[in-house]
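Below is target.cif, which holds mmCIF, C-alpha atoms.
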data_data
loop_
_atom_site.label_atom_id
_atom_site.label_comp_id
_atom_site.auth_asym_id
_atom_site.auth_seq_id
_atom_site.Cartn_x
_atom_site.Cartn_y
_atom_site.Cartn_z
CA MET A 220 -24.47 -43.86 2.45
CA GLU A 221 -26.96 -44.33 5.22
CA VAL A 222 -26.83 -42.06 8.24
CA PRO A 223 -26.74 -43.98 11.52
CA ILE A 224 -29.25 -42.93 14.17
CA LEU A 225 -27.99 -43.41 17.72
CA LYS A 226 -30.05 -43.48 20.85
CA GLN A 227 -28.60 -41.73 23.86
CA GLY A 228 -31.04 -41.74 26.74
CA GLU A 229 -34.04 -39.70 25.76
CA VAL A 230 -32.25 -38.23 22.78
CA LEU A 231 -31.74 -39.49 19.24
CA ILE A 232 -28.49 -38.45 17.58
CA ALA A 233 -27.96 -38.44 13.81
CA THR A 234 -24.54 -37.47 12.49
CA PHE A 235 -24.29 -36.23 8.91
CA GLN A 236 -21.36 -37.46 6.89
CA ALA A 237 -19.85 -35.33 4.19
CA ALA A 238 -21.43 -35.53 0.74
CA LEU A 239 -24.86 -36.94 1.39
CA SER A 240 -27.05 -37.53 -1.63
CA ASP A 241 -30.60 -36.25 -1.74
CA ALA A 242 -31.84 -39.82 -1.39
CA ASP A 243 -29.78 -40.27 1.79
CA LEU A 244 -31.30 -37.11 3.19
CA ASN A 245 -34.82 -38.27 2.44
CA GLN A 246 -34.10 -41.60 4.04
CA LEU A 247 -32.68 -39.91 7.13
CA ARG A 248 -35.75 -37.73 7.39
CA SER A 249 -38.20 -40.61 7.30
CA GLY A 250 -35.97 -42.68 9.59
CA LEU A 251 -35.82 -39.99 12.25
CA VAL A 252 -39.49 -39.15 12.08
CA ARG A 253 -40.40 -42.80 12.46
CA GLN A 254 -37.91 -43.64 15.21
CA VAL A 255 -38.61 -40.63 17.39
CA VAL A 256 -42.01 -41.92 18.38
CA LYS A 257 -41.09 -45.58 18.26
CA LEU A 258 -38.22 -45.06 20.73
CA ARG A 259 -40.20 -42.52 22.75
CA SER A 260 -37.44 -39.92 22.42
CA ARG A 261 -37.96 -36.38 23.63
CA ALA A 262 -35.47 -34.77 21.33
CA VAL A 263 -33.36 -35.23 18.23
CA ILE A 264 -29.90 -33.84 17.68
CA VAL A 265 -28.68 -33.56 14.10
CA ASP A 266 -24.91 -33.09 13.94
CA VAL A 267 -23.72 -31.47 10.72
CA THR A 268 -20.09 -30.82 11.72
CA ALA A 269 -18.76 -32.80 8.77
CA MET A 270 -20.67 -30.80 6.18
CA ASP A 271 -18.55 -28.06 4.71
CA VAL A 272 -21.11 -27.22 2.08
CA MET A 273 -24.82 -27.06 2.66
CA ASP A 274 -26.98 -26.77 -0.42
CA SER A 275 -30.56 -25.57 -0.43
CA PHE A 276 -31.93 -29.10 -0.49
CA ALA A 277 -29.97 -30.14 2.58
CA SER A 278 -30.96 -27.11 4.57
CA ARG A 279 -34.57 -27.38 3.51
CA THR A 280 -34.52 -30.99 4.62
CA LEU A 281 -33.09 -29.94 7.97
CA ARG A 282 -35.91 -27.50 8.47
CA GLU A 283 -38.47 -30.09 7.44
CA ILE A 284 -36.98 -32.61 9.84
CA ALA A 285 -37.22 -30.08 12.67
CA HIS A 286 -40.83 -29.20 11.92
CA MET A 287 -41.91 -32.79 11.43
CA ILE A 288 -40.22 -33.84 14.67
CA ARG A 289 -42.06 -31.07 16.48
CA LEU A 290 -45.34 -32.34 15.09
CA ARG A 291 -44.36 -35.76 16.37
CA GLY A 292 -43.99 -34.27 19.84
CA ALA A 293 -40.24 -33.89 20.25
CA GLU A 294 -37.67 -31.18 19.80
CA THR A 295 -34.81 -30.86 17.31
CA VAL A 296 -31.41 -29.25 17.83
CA ILE A 297 -29.07 -28.73 14.87
CA VAL A 298 -25.45 -28.72 16.01
CA GLY A 299 -22.04 -28.16 14.45
CA ILE A 300 -22.84 -25.78 11.62
CA GLN A 301 -19.52 -24.46 10.33
CA PRO A 302 -19.03 -20.67 10.37
CA GLU A 303 -18.71 -20.43 6.58
CA VAL A 304 -21.69 -22.66 6.07
CA ALA A 305 -23.74 -20.59 8.51
CA PHE A 306 -23.11 -17.40 6.63
CA ALA A 307 -23.69 -18.99 3.25
CA MET A 308 -27.02 -20.34 4.50
CA VAL A 309 -28.10 -16.97 5.82
CA GLN A 310 -27.24 -15.34 2.53
CA LEU A 311 -29.42 -17.87 0.74
CA GLY A 312 -32.21 -17.00 3.18
CA LEU A 313 -32.05 -20.41 4.88
CA THR A 314 -32.08 -19.30 8.48
CA LEU A 315 -33.74 -22.37 10.03
CA GLU A 316 -36.09 -20.10 11.93
CA GLY A 317 -37.85 -21.80 14.78
CA VAL A 318 -35.20 -24.51 15.00
CA ALA A 319 -32.83 -24.65 17.96
CA THR A 320 -29.13 -24.61 17.14
CA ALA A 321 -25.98 -25.20 19.18
CA LEU A 322 -22.26 -25.04 18.66
CA ASP A 323 -21.54 -28.76 18.85
CA LEU A 324 -22.88 -32.03 20.17
CA GLU A 325 -21.82 -31.26 23.73
CA GLU A 326 -23.59 -27.90 23.68
CA GLY A 327 -26.65 -29.46 22.15
CA LEU A 328 -26.87 -32.09 24.88
CA ALA A 329 -26.31 -29.46 27.56
CA TYR A 330 -29.07 -27.33 26.05
CA LEU A 331 -31.50 -30.24 26.09
CA THR A 332 -30.57 -31.34 29.60
CA GLN A 333 -31.23 -27.81 30.82
CA LYS A 334 -34.51 -27.70 29.00
CA PHE A 335 -35.71 -31.09 30.28
CA LYS A 336 -34.82 -30.00 33.80
CA ASN A 337 -36.95 -26.89 33.42
CA ILE A 338 -39.89 -28.90 32.14
CA ASP A 339 -39.73 -31.75 34.67
CA MET B 199 40.35 13.62 -22.26
CA ALA B 200 41.41 14.86 -25.65
CA LYS B 201 42.92 11.51 -26.46
CA ARG B 202 39.73 9.67 -25.63
CA GLU B 203 37.78 12.12 -27.72
CA SER B 204 39.94 11.33 -30.68
CA THR B 205 39.48 7.59 -30.32
CA ALA B 206 35.76 8.07 -30.20
CA LYS B 207 35.96 10.21 -33.31
CA GLY B 208 38.15 7.61 -34.92
CA SER B 209 35.60 4.90 -34.48
CA GLY B 210 32.99 7.34 -35.70
CA THR B 211 34.74 7.90 -38.98
CA GLN B 212 35.37 4.22 -39.28
CA SER B 213 31.69 3.43 -39.08
CA ASN B 214 30.98 6.21 -41.53
CA GLN B 215 33.02 4.39 -44.11
CA GLY B 216 31.01 1.22 -43.87
CA VAL B 217 27.46 2.39 -43.22
CA GLU B 218 25.85 -0.83 -44.35
CA LEU B 219 28.05 -2.91 -42.14
CA VAL B 220 27.43 -0.80 -39.06
CA LEU B 221 23.69 -0.76 -39.61
CA SER B 222 23.52 -4.52 -39.54
CA GLU B 223 25.54 -4.90 -36.34
CA ALA B 224 24.38 -1.59 -34.99
CA PRO B 225 22.43 -1.72 -31.69
CA SER B 226 24.76 -3.58 -29.37
CA GLU B 227 27.86 -1.93 -30.81
CA LEU B 228 26.28 1.48 -30.50
CA LEU B 229 25.09 0.78 -26.99
CA ARG B 230 28.61 -0.17 -26.03
CA GLU B 231 29.89 3.10 -27.39
CA LEU B 232 27.15 4.91 -25.58
CA VAL B 233 27.98 3.22 -22.31
CA ALA B 234 31.63 4.12 -22.71
CA HIS B 235 30.64 7.72 -23.23
CA LEU B 236 28.44 7.74 -20.15
CA ARG B 237 31.19 6.17 -18.05
CA GLN B 238 33.74 8.76 -19.16
CA ASN B 239 31.53 11.70 -18.39
CA ARG B 240 30.07 10.23 -15.25
CA THR B 241 31.02 13.03 -12.86
CA GLN B 242 29.95 15.84 -15.09
CA LEU B 243 26.66 14.33 -16.24
CA ARG B 244 25.75 13.31 -12.76
CA GLU B 245 26.29 16.80 -11.44
CA GLU B 246 24.30 18.28 -14.25
CA TRP B 247 21.49 15.90 -13.42
CA VAL B 248 21.51 16.80 -9.74
CA VAL B 249 21.41 20.49 -10.65
CA ARG B 250 18.42 19.85 -12.91
CA ILE B 251 16.70 17.93 -10.13
CA SER B 252 17.02 20.78 -7.67
CA GLU B 253 16.08 23.32 -10.34
CA THR B 254 12.83 21.51 -11.02
CA ARG B 255 12.26 21.25 -7.26
CA LEU B 256 11.91 17.51 -7.23
CA LEU B 257 12.69 15.36 -4.20
CA THR B 258 12.21 18.30 -1.85
CA ALA B 259 11.84 15.87 1.02
CA MET B 260 15.51 14.91 0.73
CA THR B 261 18.69 16.86 1.47
CA LYS B 262 21.16 17.80 -1.24
CA GLU B 263 23.71 15.24 -0.07
CA GLU B 264 21.12 12.50 -0.09
CA ILE B 265 19.98 13.42 -3.57
CA PHE B 266 23.58 13.35 -4.74
CA ALA B 267 24.22 9.95 -3.18
CA GLU B 268 21.04 8.48 -4.66
CA ALA B 269 21.75 10.11 -8.00
CA THR B 270 25.14 8.45 -8.10
CA SER B 271 23.78 4.97 -7.55
CA VAL B 272 20.83 5.53 -9.87
CA TYR B 273 23.22 6.77 -12.54
CA ASP B 274 25.43 3.72 -12.14
CA SER B 275 22.58 1.23 -12.26
CA TYR B 276 21.17 3.12 -15.22
CA VAL B 277 24.43 2.78 -17.16
CA GLU B 278 24.71 -0.82 -16.09
CA ALA B 279 21.22 -1.59 -17.33
CA LEU B 280 22.09 0.05 -20.65
CA GLU B 281 25.26 -1.99 -20.87
CA THR B 282 23.92 -5.41 -19.93
CA GLU B 283 20.41 -4.81 -21.28
CA THR B 284 19.09 -6.73 -18.30
CA PHE B 285 16.76 -4.93 -16.00
CA GLU B 286 16.61 -7.23 -12.98
CA ALA B 287 19.33 -5.40 -11.07
CA LEU B 288 17.75 -2.06 -11.83
CA GLN B 289 14.35 -3.40 -10.82
CA ALA B 290 15.74 -4.59 -7.52
CA TYR B 291 17.44 -1.28 -6.98
CA ALA B 292 14.26 0.63 -7.85
CA ARG B 293 12.33 -1.42 -5.34
CA ASN B 294 14.95 -0.89 -2.69
CA LEU B 295 15.04 2.84 -3.40
CA SER B 296 11.26 3.06 -3.26
CA GLU B 297 11.23 1.26 0.06
CA ARG B 298 13.58 3.89 1.47
CA ILE B 299 11.99 6.99 0.04
CA ILE B 300 8.27 6.19 0.24
CA PRO B 301 8.15 6.70 4.02
CA ARG B 302 9.66 10.14 3.46
CA GLY B 303 6.75 11.19 1.33
CA VAL B 304 8.34 11.08 -2.12
CA GLU B 305 5.62 11.16 -4.76
CA THR B 306 5.27 9.14 -7.94
CA HIS B 307 5.64 12.19 -10.17
CA GLU B 308 8.97 13.00 -8.53
CA VAL B 309 10.43 9.57 -9.18
CA VAL B 310 9.21 9.52 -12.77
CA GLY B 311 10.40 13.12 -13.09
CA ILE B 312 13.97 12.44 -12.05
CA VAL B 313 14.33 9.41 -14.28
CA LEU B 314 13.02 11.40 -17.23
CA LEU B 315 15.40 14.22 -16.33
CA LEU B 316 18.32 11.83 -16.41
CA ARG B 317 17.15 10.62 -19.78
CA ASP B 318 17.08 14.20 -21.01
CA VAL B 319 20.48 15.03 -19.58
CA LEU B 320 22.05 12.03 -21.24
CA ALA B 321 20.32 12.70 -24.54
CA ARG B 322 21.61 16.28 -24.45
CA SER B 323 25.13 15.07 -23.92
CA LEU B 324 24.74 12.76 -26.89
CA PHE B 325 23.54 15.67 -29.02
CA ALA B 326 26.59 17.65 -27.99
CA LYS B 327 28.94 14.80 -28.71
CA TYR B 328 27.64 13.83 -32.11
CA GLN B 329 26.42 17.14 -33.41
CA THR B 330 28.88 16.99 -36.27
CA ASP B 331 27.70 13.59 -37.40
CA PHE B 332 23.97 13.67 -37.73
CA ARG B 333 23.54 10.18 -39.09
CA LYS B 334 25.51 8.64 -36.28
CA LEU B 335 23.56 10.65 -33.75
CA ASN B 336 20.38 9.26 -35.18
CA ARG B 337 21.59 5.71 -34.88
CA ILE B 338 22.87 6.25 -31.38
CA LEU B 339 19.49 7.64 -30.39
CA ASP B 340 17.80 4.67 -32.03
CA ALA B 341 19.70 2.43 -29.70
CA TYR B 342 19.44 4.71 -26.70
CA GLU B 343 15.79 5.67 -26.70
CA PRO B 344 14.11 2.26 -26.40
CA ALA B 345 16.53 1.27 -23.67
CA ALA B 346 16.09 4.55 -21.83
CA ASN B 347 12.32 4.35 -22.08
CA ARG B 348 12.38 0.85 -20.77
CA ILE B 349 14.50 1.93 -17.84
CA ALA B 350 12.14 4.80 -17.05
CA ASN B 351 9.29 2.36 -17.24
CA THR B 352 10.98 -0.14 -14.99
CA VAL B 353 11.76 2.42 -12.31
CA ALA B 354 8.28 3.94 -12.39
CA VAL B 355 6.57 0.57 -12.26
CA GLY B 356 8.88 -0.55 -9.47
CA PHE B 357 8.01 2.52 -7.46
CA VAL B 358 4.29 2.20 -7.97
CA GLN B 359 4.35 -1.51 -7.14
CA GLU B 360 6.23 -0.85 -3.95
CA ARG B 361 3.75 1.85 -3.03
CA GLU B 362 0.85 -0.44 -3.66
CA ARG B 363 2.48 -3.11 -1.57
CA VAL B 364 2.86 -0.64 1.30
CA ILE B 365 -0.75 0.45 0.91
CA ARG B 366 -1.98 -3.13 0.91
CA GLN B 367 0.05 -3.89 3.97
CA GLN B 368 -1.37 -0.90 5.80
CA GLN B 369 -4.91 -1.73 4.78
CA GLU B 370 -4.40 -5.21 6.11
CA ALA B 371 -3.03 -3.83 9.37
CA ILE B 372 -5.90 -1.39 9.77
CA ARG B 373 -8.39 -4.09 9.02
CA GLU B 374 -6.95 -6.42 11.59
CA LEU B 375 -6.75 -3.71 14.19
CA SER B 376 -10.25 -2.57 13.58
CA THR B 377 -12.12 -5.78 14.34
CA PRO B 378 -11.12 -7.26 17.66
CA VAL B 379 -13.29 -10.07 18.99
CA LEU B 380 -12.79 -10.04 22.73
CA GLN B 381 -13.82 -12.50 25.37
CA VAL B 382 -14.95 -10.68 28.52
CA ARG B 383 -16.27 -13.67 30.38
CA GLU B 384 -16.43 -17.38 29.84
CA ARG B 385 -18.73 -17.85 26.79
CA LEU B 386 -19.28 -14.11 26.36
CA LEU B 387 -17.67 -12.20 23.50
CA ILE B 388 -17.80 -8.54 22.71
CA LEU B 389 -17.18 -7.04 19.31
CA PRO B 390 -16.79 -3.28 19.45
CA ILE B 391 -17.07 -1.75 15.98
CA ILE B 392 -15.69 1.71 15.40
CA GLY B 393 -15.64 3.78 12.25
CA VAL B 394 -17.07 3.31 8.81
CA ILE B 395 -18.14 -0.16 7.74
CA ASP B 396 -17.89 -0.89 4.05
CA PRO B 397 -19.15 -4.17 2.62
CA GLN B 398 -15.66 -5.66 2.60
CA ARG B 399 -15.04 -4.82 6.24
CA ALA B 400 -18.50 -6.08 7.11
CA ARG B 401 -17.71 -9.42 5.51
CA GLN B 402 -14.47 -9.65 7.40
CA LEU B 403 -16.16 -8.74 10.67
CA THR B 404 -18.64 -11.52 10.18
CA GLU B 405 -15.94 -14.03 9.39
CA GLN B 406 -13.93 -13.10 12.46
CA LEU B 407 -16.97 -13.13 14.69
CA LEU B 408 -18.18 -16.53 13.53
CA ARG B 409 -14.71 -17.96 13.89
CA GLY B 410 -14.43 -16.34 17.33
CA ILE B 411 -17.70 -17.92 18.42
CA ARG B 412 -16.37 -21.28 17.43
CA THR B 413 -12.94 -21.03 19.02
CA ASN B 414 -14.18 -19.43 22.26
CA ARG B 415 -17.30 -21.58 22.39
CA ALA B 416 -19.30 -18.44 22.98
CA LYS B 417 -22.98 -18.50 23.81
CA VAL B 418 -23.62 -14.78 23.82
CA VAL B 419 -22.05 -12.05 21.72
CA VAL B 420 -22.44 -8.33 22.30
CA ILE B 421 -21.87 -6.29 19.15
CA ASP B 422 -21.36 -2.66 20.13
CA ILE B 423 -21.85 -0.19 17.31
CA THR B 424 -21.73 3.01 19.35
CA GLY B 425 -18.75 4.05 17.25
CA VAL B 426 -20.58 3.63 13.97
CA ALA B 427 -22.35 6.82 12.95
CA ALA B 428 -24.26 5.46 10.00
CA MET B 429 -24.52 2.42 7.80
CA ASP B 430 -26.03 1.88 4.42
CA VAL B 431 -28.68 -0.67 3.57
CA THR B 432 -26.20 -3.30 2.39
CA VAL B 433 -24.21 -3.19 5.59
CA ALA B 434 -27.34 -3.13 7.74
CA ASN B 435 -28.58 -6.22 5.95
CA HIS B 436 -25.21 -7.78 6.51
CA LEU B 437 -25.48 -7.07 10.23
CA VAL B 438 -28.82 -8.84 10.34
CA GLN B 439 -27.34 -11.80 8.47
CA THR B 440 -24.47 -11.91 10.93
CA VAL B 441 -26.96 -12.11 13.79
CA GLU B 442 -28.75 -14.98 12.08
CA ALA B 443 -25.56 -16.82 11.20
CA SER B 444 -24.42 -16.53 14.83
CA ARG B 445 -27.65 -18.10 15.93
CA LEU B 446 -27.00 -21.03 13.61
CA LEU B 447 -23.79 -21.53 15.57
CA GLY B 448 -25.83 -21.54 18.75
CA ALA B 449 -24.90 -18.06 19.96
CA THR B 450 -27.25 -15.24 20.87
CA VAL B 451 -26.32 -11.80 19.61
CA ILE B 452 -27.08 -8.59 21.45
CA VAL B 453 -26.57 -5.40 19.47
CA THR B 454 -25.89 -2.29 21.53
CA GLY B 455 -25.43 1.40 20.88
CA LEU B 456 -27.56 1.82 17.79
CA SER B 457 -27.57 5.45 16.74
CA PRO B 458 -30.85 7.09 15.70
CA GLU B 459 -29.68 7.08 12.07
CA ILE B 460 -28.96 3.38 12.11
CA ALA B 461 -32.26 2.69 13.82
CA GLN B 462 -33.89 4.61 10.98
CA THR B 463 -32.02 2.53 8.38
CA LEU B 464 -33.03 -0.72 10.04
CA VAL B 465 -36.66 0.34 10.16
CA THR B 466 -36.54 1.43 6.53
CA ILE B 467 -35.26 -1.92 5.31
CA GLY B 468 -37.89 -3.60 7.43
CA VAL B 469 -35.71 -5.74 9.66
CA ASP B 470 -37.53 -8.43 11.55
CA LEU B 471 -36.90 -7.02 15.01
CA GLY B 472 -37.89 -10.29 16.62
CA LYS B 473 -34.56 -11.68 15.51
CA MET B 474 -32.58 -8.69 16.73
CA ASN B 475 -31.79 -8.38 20.38
CA THR B 476 -30.93 -4.74 21.03
CA VAL B 477 -29.93 -2.88 24.19
CA GLY B 478 -29.20 0.81 24.55
CA ASP B 479 -25.57 0.82 25.59
CA LEU B 480 -22.66 -1.54 25.98
CA GLN B 481 -23.05 -1.77 29.76
CA GLY B 482 -26.68 -2.75 29.40
CA GLY B 483 -25.72 -5.27 26.76
CA ILE B 484 -23.13 -6.93 28.95
CA GLU B 485 -25.54 -7.00 31.89
CA GLN B 486 -28.17 -8.65 29.76
CA ALA B 487 -25.63 -11.14 28.45
CA GLU B 488 -24.61 -11.98 32.01
CA ARG B 489 -28.24 -12.62 32.88
CA LEU B 490 -28.58 -14.93 29.86
CA LEU B 491 -25.48 -16.83 30.93
CA GLY B 492 -26.63 -17.00 34.53
CA TYR B 493 -23.93 -14.75 35.95
CA LYS B 494 -24.72 -12.53 38.86
CA VAL B 495 -22.40 -9.68 39.67
CA VAL B 496 -22.34 -8.89 43.37
CA THR B 497 -20.51 -6.11 45.12
CA LEU B 498 -18.62 -7.73 47.99
CA ALA B 499 -17.58 -4.60 49.80
CA GLU B 500 -17.52 -0.86 49.51
CA PRO B 501 -15.01 0.16 46.87
CA ARG B 502 -11.71 0.95 48.51
CA GLN B 503 -10.70 4.58 48.52
CA PRO B 504 -7.57 5.11 46.47
CA SER B 505 -4.86 6.03 48.95
#

Could you rewrite the structure in this file as structure tokens?
Amino acid sequence: MEVPILKQGEVLIATFQAALSDADLNQLRSGLVRQVVKLRSRAVIVDVTAMDVMDSFASRTLREIAHMIRLRGAETVIVGIQPEVAFAMVQLGLTLEGVATALDLEEGLAYLTQKFKNID
Amino acid sequence: MAKRESTAKGSGTQSNQGVELVLSEAPSELLRELVAHLRQNRTQLREEWVVRISETRLLTAMTKEEIFAEATSVYDSYVEALETETFEALQAYARNLSERIIPRGVETHEVVGIVLLLRDVLARSLFAKYQTDFRKLNRILDAYEPAANRIANTVAVGFVQERERVIRQQQEAIRELSTPVLQVRERLLILPIIGVIDPQRARQLTEQLLRGIRTNRAKVVVIDITGVAAMDVTVANHLVQTVEASRLLGATVIVTGLSPEIAQTLVTIGVDLGKMNTVGDLQGGIEQAERLLGYKVVTLAEPRQPS
């Protein structure tokens, strides 16, 4: 199942559905990395609210997305990580260091708005 | 009394005549006889039992009258269990009894002790009754002993189960009491931890905190561990993981009140201090949190003198 990428002002929003295959994840990664420059976005929000399990591949992909997006000149915010998922990830050592996180989409947008305001 | 005795004897001689026959239909028939005997001598046996209980200094937490009252109902359910050979009623009674006497500090050995005493008292009375007929005594005991043992077992297990249930309940209560996640300001939670943290409690703390962050939409959390004297490496690691997991939910964690010992532990396990936001005391932690959230606390007027 393909993950839709929505454009909201200067931000790209990708919402994970439950049960994404590795191929879907790879496709999402290349899609985001390509679109972020094409659409001249300043940030990407990846919403993972629907994921109640996060395996090592998914969280590695998330980190890769964040780092690649940074190299492409934008910022990534991961939003909606479930409490259980968060702790499971930390226990696996997948702490997404250097990647911004927020409680949900609203928080993520607020964080970015604040940040853009500080920069501008 | 004498008349009853003679009927009992009569049946005894009768069974003597047809040993083979009695052996084949023995247990239930014998149990019935046994129950009749116990019913007839109820008052006397019960009193004897109560005397034995106080002699052995069991159930010291209860008064004599209470012991007598309990003894009566235990005796009756005991005989009933022997008669019907079903143990549900006795089990229920044992549970009920345990519920009443556990809060008064009655110990397991006392409960097992009194049931075994009753078993002994009844066995003695059987010896006395059938001392002239050894073979019959043997058969009666064959029927009595397994049933009596099962009863003792049932009561003891019932008591222990009830105790464990109480203990579990209390543990649960303590655990819930011990980990409050409190909101002190919009988007600011505090989690004061007091006492010893074992791995299980640590896990629960984390769960509650992460859930609290979600439901209160918190951005900053102050974990105050002033009340924790020491923690082992596992728990310290867990604390660090909690901090990281909170960040994944978009919340910043400030840890306050680290004791020198805990600081030592954290240094020993080589915690990445860049990830840990620590402030000396709870007040400092809250002030820092307020700064992060953009609050500014201003004194509007001189504090009023209490009149």

The PyMOL selection byres ((chain A) within 6 of (chain B)) applied to the shown file, residues as number ranges by chain: A: 300, 302, 305-306, 309, 320-322

How big is the axis-aligned box, and where does its centre sit, when it encloses all atoms of region 383-388 of chain B listed in the file and has 3 Å added on every side, reported in Å to one decimal as JSON?
{"center_x": -17.8, "center_y": -13.2, "center_z": 26.5, "size_x": 9.0, "size_y": 15.3, "size_z": 13.7}

Computed interatomic separation between CA of Val296 (chain A) and CA of Leu315 (chain A) (Å): 10.7 Å

All residues 8 Å or closer to Met270 (chain A), all atoms listed in the file, same chain fewer than 5 positions away omitted, as a PyMOL selection string: chain A and resi 235-238+300-301

Nearest to His286 (chain A), chosen from A:Gln310, A:Ala319, A:Thr332, A:Thr234, with only C-alpha atoms counted in the distances: A:Ala319

Nearby residues (only C-alpha atoms) at most 9 Å from Ile460 (chain B), same-chain spacing under 4 positions excluded, as a list in words: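 My reading of the contact set: Val426, Ala427, Ala428, Met429, Asp430, Ala434, Leu456, Leu464 and Val465 of chain B.
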
All residues 6 Å or closer to region 249-266 of chain A, all atoms listed in the file, same chain fewer than 2 positions away omitted, as a list in words: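 Those residues are Glu229, Val230, Leu231, Ile232, Ala233, Thr234, Phe235, Gln246, Leu247, Thr268, Ile288, Ala293, Glu294, Thr295, Val296, Ile297, Val298 and Gly299 of chain A.
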
A:Val272, A:Val318, A:Leu313, A:Leu225 ranked by distance to Met287 (chain A), top pick (using only C-alpha atoms): A:Val318

Residues matched by the PyMOL selection byres ((chain B and resi 390) around 7), written as number ranges by chain: B: 388-389, 391-392, 421-423

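Residues within 12 Å of Val233 (chain B), counting all atoms listed in the file and excluding same-chain residues fewer than 5 positions away, are Pro225, Ser226, Glu227, Leu228, Gln238, Asn239, Arg240, Tyr273, Asp274, Ser275, Tyr276, Val277, Glu278, Ala279, Leu280, Glu281, Thr282, Glu283, Leu320, Leu324, Ile338, Ala341, Tyr342, Ala345 and Ala346 of chain B.
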
Interatomic distance, CA of Leu480 (chain B) to CA of Val453 (chain B) (Å, one decimal):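 Pair CA of Leu480 (chain B) / CA of Val453 (chain B) returns 8.5 Å.
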
CA of Glu360 (chain B) to CA of Val248 (chain B), distance in Å rounded to a single decimal: 24.1 Å

Residue neighbourhood Val304 (chain B), 9 Å, all atoms listed in the file, exclusion window fewer than 5 positions, as a ChimeraX atom specification: /B:256-260,296,299,309

Output C-alpha atoms for every residue in that selection, as an mmCIF file, keeping the file's coordinate frame.
data_model
loop_
_atom_site.group_PDB
_atom_site.id
_atom_site.type_symbol
_atom_site.label_atom_id
_atom_site.label_comp_id
_atom_site.auth_asym_id
_atom_site.auth_seq_id
_atom_site.Cartn_x
_atom_site.Cartn_y
_atom_site.Cartn_z
ATOM 1 C CA LEU B 256 11.910 17.510 -7.230
ATOM 2 C CA LEU B 257 12.690 15.360 -4.200
ATOM 3 C CA THR B 258 12.210 18.300 -1.850
ATOM 4 C CA ALA B 259 11.840 15.870 1.020
ATOM 5 C CA MET B 260 15.510 14.910 0.730
ATOM 6 C CA SER B 296 11.260 3.060 -3.260
ATOM 7 C CA ILE B 299 11.990 6.990 0.040
ATOM 8 C CA VAL B 309 10.430 9.570 -9.180
#

Residues in the PyMOL selection byres ((chain A and resi 276) around 12), expressed as a count of residues only: 21

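Nearest residue to Ile484 (chain B) among B:Gln381, B:Thr330, B:Gln289, B:Thr463 is B:Gln381, counting all atoms listed in the file.
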
Extract region 295-306 of chain A from the structure I just pasted (atoms: N, CA and C atoms) and return it as a PDB file, in the first residue's frame.
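So the final result, stored in part_36.pdb, reads:
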ATOM      1  N   THR A 295      12.940  17.196   9.516  1.00  0.00           N
ATOM      2  CA  THR A 295      11.935  16.150   9.673  1.00  0.00           C
ATOM      3  C   THR A 295      11.438  16.131  11.117  1.00  0.00           C
ATOM      4  N   VAL A 296      10.119  15.949  11.277  1.00  0.00           N
ATOM      5  CA  VAL A 296       9.558  15.744  12.607  1.00  0.00           C
ATOM      6  C   VAL A 296       8.762  14.447  12.558  1.00  0.00           C
ATOM      7  N   ILE A 297       9.064  13.537  13.486  1.00  0.00           N
ATOM      8  CA  ILE A 297       8.298  12.288  13.587  1.00  0.00           C
ATOM      9  C   ILE A 297       7.220  12.523  14.643  1.00  0.00           C
ATOM     10  N   VAL A 298       5.977  12.279  14.297  1.00  0.00           N
ATOM     11  CA  VAL A 298       4.910  12.531  15.272  1.00  0.00           C
ATOM     12  C   VAL A 298       4.058  11.280  15.474  1.00  0.00           C
ATOM     13  N   GLY A 299       3.454  11.213  16.673  1.00  0.00           N
ATOM     14  CA  GLY A 299       2.454  10.170  16.941  1.00  0.00           C
ATOM     15  C   GLY A 299       3.003   8.818  17.332  1.00  0.00           C
ATOM     16  N   ILE A 300       4.233   8.775  17.840  1.00  0.00           N
ATOM     17  CA  ILE A 300       4.748   7.479  18.306  1.00  0.00           C
ATOM     18  C   ILE A 300       3.957   7.060  19.547  1.00  0.00           C
ATOM     19  N   GLN A 301       3.438   5.843  19.540  1.00  0.00           N
ATOM     20  CA  GLN A 301       2.655   5.358  20.674  1.00  0.00           C
ATOM     21  C   GLN A 301       3.575   5.090  21.861  1.00  0.00           C
ATOM     22  N   PRO A 302       3.049   5.280  23.100  1.00  0.00           N
ATOM     23  CA  PRO A 302       3.883   5.069  24.280  1.00  0.00           C
ATOM     24  C   PRO A 302       4.572   3.700  24.301  1.00  0.00           C
ATOM     25  N   GLU A 303       3.830   2.644  23.987  1.00  0.00           N
ATOM     26  CA  GLU A 303       4.428   1.304  24.040  1.00  0.00           C
ATOM     27  C   GLU A 303       5.513   1.176  22.977  1.00  0.00           C
ATOM     28  N   VAL A 304       5.215   1.719  21.818  1.00  0.00           N
ATOM     29  CA  VAL A 304       6.170   1.654  20.726  1.00  0.00           C
ATOM     30  C   VAL A 304       7.439   2.416  21.111  1.00  0.00           C
ATOM     31  N   ALA A 305       7.250   3.579  21.727  1.00  0.00           N
ATOM     32  CA  ALA A 305       8.403   4.393  22.110  1.00  0.00           C
ATOM     33  C   ALA A 305       9.333   3.597  23.016  1.00  0.00           C
ATOM     34  N   PHE A 306       8.733   2.940  24.009  1.00  0.00           N
ATOM     35  CA  PHE A 306       9.609   2.238  24.942  1.00  0.00           C
ATOM     36  C   PHE A 306      10.259   1.022  24.295  1.00  0.00           C
TER      37      PHE A 306
END
